[in-house]
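Beneath this line is the structure, given in structure tokens, with notes to follow.
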Amino acid sequence: MVLGFETSCDETGVGIVRGTELLADAVATSVDEHARFGGVVPEVASRAHLEAMVPTVHRALETAGLKLTDIDAVAVTAGPGLVGALLVGVAAAKGYALALDKPLYGVNHLAAHVAVDQLEHGPLPEPCMALLVSGGHSSLLLVPDVTNDIRPLGSTVDDAAGEAFDKVARVLGLGFPGGPLIDRAATDGDATAITFPRGLTGPKDPPFDFSFSGLKTAVARWVEARERAGEPVPVADVAASFQEAVVDVLTRKAIRACKENGVDHLLIGGGVAANSRLRALAQQRAEQAGIRVRVPRPKLCTDNGAMVAALGAELVARGARPSPLDLPADSSMLITEVLV
């Protein structure tokens with residue numbers, strides 16, 4: 001029975017997992033407090049975690065029908081993420097582990113996004129390919145073993161996909177967070193109305209790296225040109241065309257990575273994995289290539305404590321050595337370091 005803590009950004013997540021069975025997934029979000037700034041403010045997030053931590057633990061235990069004394073191990077996101085936010089989760093996990101005299105596992109946030117799929121679709125194929133897309137990360141990972149062997153093939157060189165969604169949503173006056181708002185607006189738009197650039201897709205570009213800064217700028221310039229000309233901005237068409245440019249690049253590179261590495265399972269995780277067009281296009285292209293796609297339900301794609309508990313439970317099952325109680329929070333933790 002593993003209690004998992006996730007505080008890498010603006011969600012306070014507490015999950016409880018027994019083996020591969022999800023017993024509770026309690027989340028408290030501070031997104032409304034960040035909306036007026038158009039993005040996450042680290043200090044605001046840290047204070048929100050402090051306020052939400054104990055009530056969220058109590059809610060998770062109540063949902064699972066458990067007492068704290070029923071917990072066998074504690075897992076926590078040690079990085080990467082916002083350092084102040086991480087520190088709150090790490091400190092809380094240390095406190096609970098020490099008070100309960102239970103082992104502590106400091107884990108990698110990105111690896112947890114991969115491991116959470118086991119709660120829905122069973123054991124991960126070894127190897128599998130993971131496409132992780134969120135506000136801070138756009139990564140392609142070859143995963144022979146989620147507990148100790150994750151190999152980065154490519155990542156974002158500037159804006160991650162989620163950042164681009166947030167910034168384009170702001171340009172279009174849709175609000176924050178941008179991902180679900182763009183997805184919703186795009187349902188009424190024409191994805192072929194505007195041809196926006198596809199970054200890093202040339203023959204000499206790195207095959208598995210991502211770049212969305214140029215796309216974001218192209219959308220902003222297009223909107224500004226319409227406004228200067230006194231013409232209305234077709235928000236739905238812009239949203240759909242922008243979204244198509246993002247998911248086209250993500251899926252194209254992910255399928256190529258699978259083919260070139262002889263992998264027939266693609267796992268998609270992270271907050272942007274909740275995007276309906278990304279899911280549909282990935283499924284379509286994967287079927288054409290003979291690749292199976294695994295995507296957790298949307299609630300498990302965004303940051304949550306269940307994913308941390310899932311990775312912790314897998315580490316316990318494989319007999320991994322627990323982390324020391326003086327484990328640090330590492331804002332730039334490398335994906336190759338699954339367990340601290």
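The chains in the structure tokens are called A, B, ... from first to last as shown; in each chain the residues are counted from 1, and the ligands are counted from 1 in the order shown.
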Problem set entry | Surrounding residues of A:Tyr105 excluding itself and chain neighbours under 6 positions, 8 Å, only C-alpha atoms, as a count of residues only | 9
For this session: Name the residues of stretch 126-228 of chain A that fall into strand (DSSP E or B) according to DSSP on the backbone, using the chain letters and numbers of this document, as a ChimeraX atom specification.
Result: /A:128-133,138-145,149-156,210
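Here the question is which of A:Arg318, A:Ser332, A:Phe208, A:Gln284 gets nearest to A:His109 using only C-alpha atoms, and that residue is A:Ser332.
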For this session: Name the residues in contact with A:Met129 at a cut-off of 7 Å, using only C-alpha atoms, excluding same-chain residues fewer than 2 positions from it; report them as an MDAnalysis selection string.
Result: chainID A and resid 127 131 141:143 258 263 265:267
For this session: Check the smallest atom-to-atom distance from each of A:Ala164, A:Ala317, A:Ile150, A:Leu250 to A:Ala112 using only C-alpha atoms, then report the winner.
Result: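 Closest to A:Ala112, using only C-alpha atoms: A:Ile150.
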For this session: Fewer than 2 positions away in the same chain doesn't count, so skip those; otherwise give me all residues within 10 Å of A:Leu124, counting only C-alpha atoms, as a list in words.
Result: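 What passes the distance filter is Val114, Ala115, Val116, Asp117, Gln118, His121, Gly122, Glu126, Pro127, Cys128, Val143, Pro144, Asp145, Val146, His265, Leu267 and Arg294 of chain A.
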Could the residues in this selection be saved with C-alpha atoms as a JSON list (two decimals), in the first residue's frame?
```json
[["chain", "number", "residue", "atom", "x", "y", "z"],
["A", 114, "VAL", "CA", 4.90, 6.60, -17.76],
["A", 115, "ALA", "CA", 4.18, 4.27, -14.83],
["A", 116, "VAL", "CA", 0.64, 5.54, -14.23],
["A", 117, "ASP", "CA", -0.63, 3.76, -17.34],
["A", 118, "GLN", "CA", -0.19, 0.45, -15.48],
["A", 121, "HIS", "CA", -3.91, -0.94, -18.98],
["A", 122, "GLY", "CA", -1.78, -3.35, -16.96],
["A", 126, "GLU", "CA", 9.25, -3.78, -22.29],
["A", 127, "PRO", "CA", 10.40, -1.89, -24.19],
["A", 128, "CYS", "CA", 7.80, 0.74, -25.03],
["A", 143, "VAL", "CA", 11.57, 2.75, -21.91],
["A", 144, "PRO", "CA", 13.06, -0.75, -21.54],
["A", 145, "ASP", "CA", 12.30, -0.68, -17.79],
["A", 146, "VAL", "CA", 10.35, 2.13, -16.12],
["A", 265, "HIS", "CA", 3.75, 0.10, -28.25],
["A", 267, "LEU", "CA", 2.43, 5.35, -24.55],
["A", 294, "ARG", "CA", -1.84, 3.39, -24.76]]
```
Problem set entry | Residue neighbourhood A:Asp303, 12 Å, only C-alpha atoms, exclusion window fewer than 5 positions, as a PyMOL selection string | chain A and resi 4-15+25-29+77+81+109-110+112-114+116+132-136+269-274+298+308
Exercise. What separation in Å, quoted to one decimal, exists between atom CA of A:Pro125 and atom CA of A:Ile255?
Worked result: 16.4 Å
Can you list, as a JSON list (two decimals) with N, CA and C atoms, in the first residue's frame, every residue of stretch 65-106 of chain A that DSSP puts in helix (DSSP H, G or I)?
```json
[["chain", "number", "residue", "atom", "x", "y", "z"],
["A", 68, "LEU", "N", -3.83, 5.91, 8.22],
["A", 68, "LEU", "CA", -2.41, 6.12, 7.92],
["A", 68, "LEU", "C", -1.57, 4.88, 8.27],
["A", 69, "THR", "N", -1.96, 4.19, 9.31],
["A", 69, "THR", "CA", -1.19, 3.03, 9.74],
["A", 69, "THR", "C", -1.28, 1.86, 8.75],
["A", 70, "ASP", "N", -2.20, 1.95, 7.78],
["A", 70, "ASP", "CA", -2.31, 0.91, 6.76],
["A", 70, "ASP", "C", -1.26, 1.07, 5.65],
["A", 83, "VAL", "N", 11.14, 24.32, -7.90],
["A", 83, "VAL", "CA", 11.86, 23.87, -6.71],
["A", 83, "VAL", "C", 11.08, 24.13, -5.43],
["A", 84, "GLY", "N", 10.45, 25.29, -5.31],
["A", 84, "GLY", "CA", 9.70, 25.58, -4.09],
["A", 84, "GLY", "C", 8.52, 24.65, -3.92],
["A", 85, "ALA", "N", 7.84, 24.34, -5.00],
["A", 85, "ALA", "CA", 6.71, 23.42, -4.95],
["A", 85, "ALA", "C", 7.18, 22.01, -4.61],
["A", 86, "LEU", "N", 8.28, 21.58, -5.23],
["A", 86, "LEU", "CA", 8.83, 20.26, -4.93],
["A", 86, "LEU", "C", 9.18, 20.12, -3.46],
["A", 87, "LEU", "N", 9.76, 21.17, -2.89],
["A", 87, "LEU", "CA", 10.19, 21.11, -1.49],
["A", 87, "LEU", "C", 9.03, 20.83, -0.55],
["A", 88, "VAL", "N", 7.85, 21.38, -0.86],
["A", 88, "VAL", "CA", 6.70, 21.14, 0.00],
["A", 88, "VAL", "C", 6.34, 19.65, 0.00],
["A", 89, "GLY", "N", 6.29, 19.06, -1.18],
["A", 89, "GLY", "CA", 5.94, 17.65, -1.27],
["A", 89, "GLY", "C", 6.98, 16.75, -0.65],
["A", 90, "VAL", "N", 8.26, 17.05, -0.91],
["A", 90, "VAL", "CA", 9.34, 16.24, -0.36],
["A", 90, "VAL", "C", 9.33, 16.31, 1.17],
["A", 91, "ALA", "N", 9.15, 17.50, 1.71],
["A", 91, "ALA", "CA", 9.12, 17.66, 3.17],
["A", 91, "ALA", "C", 7.94, 16.90, 3.78],
["A", 92, "ALA", "N", 6.78, 16.99, 3.12],
["A", 92, "ALA", "CA", 5.61, 16.29, 3.63],
["A", 92, "ALA", "C", 5.83, 14.78, 3.61],
["A", 93, "ALA", "N", 6.36, 14.29, 2.49],
["A", 93, "ALA", "CA", 6.60, 12.84, 2.37],
["A", 93, "ALA", "C", 7.59, 12.36, 3.42],
["A", 94, "LYS", "N", 8.64, 13.13, 3.65],
["A", 94, "LYS", "CA", 9.61, 12.76, 4.69],
["A", 94, "LYS", "C", 8.93, 12.69, 6.05],
["A", 95, "GLY", "N", 8.09, 13.67, 6.32],
["A", 95, "GLY", "CA", 7.40, 13.70, 7.62],
["A", 95, "GLY", "C", 6.51, 12.48, 7.82],
["A", 96, "TYR", "N", 5.73, 12.14, 6.80],
["A", 96, "TYR", "CA", 4.85, 10.97, 6.92],
["A", 96, "TYR", "C", 5.67, 9.68, 7.01],
["A", 97, "ALA", "N", 6.72, 9.56, 6.20],
["A", 97, "ALA", "CA", 7.54, 8.34, 6.23],
["A", 97, "ALA", "C", 8.20, 8.16, 7.60],
["A", 98, "LEU", "N", 8.71, 9.27, 8.15],
["A", 98, "LEU", "CA", 9.38, 9.21, 9.45],
["A", 98, "LEU", "C", 8.38, 8.88, 10.56],
["A", 99, "ALA", "N", 7.22, 9.54, 10.51],
["A", 99, "ALA", "CA", 6.21, 9.32, 11.56],
["A", 99, "ALA", "C", 5.68, 7.89, 11.53],
["A", 100, "LEU", "N", 5.56, 7.33, 10.33],
["A", 100, "LEU", "CA", 5.00, 5.98, 10.18],
["A", 100, "LEU", "C", 6.08, 4.90, 10.24]]
```
For this session: Point out the residue among A:Ile71, A:Ala52, A:Val107, A:Val40 with the least atom-to-atom distance to A:Glu337, counting only C-alpha atoms.
Result: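 Among A:Ile71, A:Ala52, A:Val107, A:Val40, it is A:Val107 that comes nearest to A:Glu337.
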Exercise. Which neighbours of A:Leu140 fall inside 6 Å, counting only C-alpha atoms, when residues of the same chain fewer than 2 positions from it are skipped, and could you give them as a list in words?
Worked result: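 Counting only C-alpha atoms, the residues come to Ala130, Leu131, Leu153 and Gly154 of chain A.
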Exercise. Near stretch 17-20 of chain A, within 6 Å and counting only C-alpha atoms, which residues show up once chain neighbours fewer than 6 positions away are dropped, as JSON, numbers by chain?
Worked result: {"A": [1, 2, 119, 309, 313]}
Exercise. So which one's closest to A:Pro296, A:Ala220, A:Leu3, A:Ile268, A:Leu172? Using only C-alpha atoms, please.
Worked result: A:Ile268
Problem set entry | Nearest to A:Ala60 by atom-to-atom distance, counting only C-alpha atoms, from A:Ala24, A:Phe210, A:Arg36, A:Ala169 |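 Going through A:Ala24, A:Phe210, A:Arg36, A:Ala169 one by one, the smallest distance to A:Ala60 is for A:Ala24.
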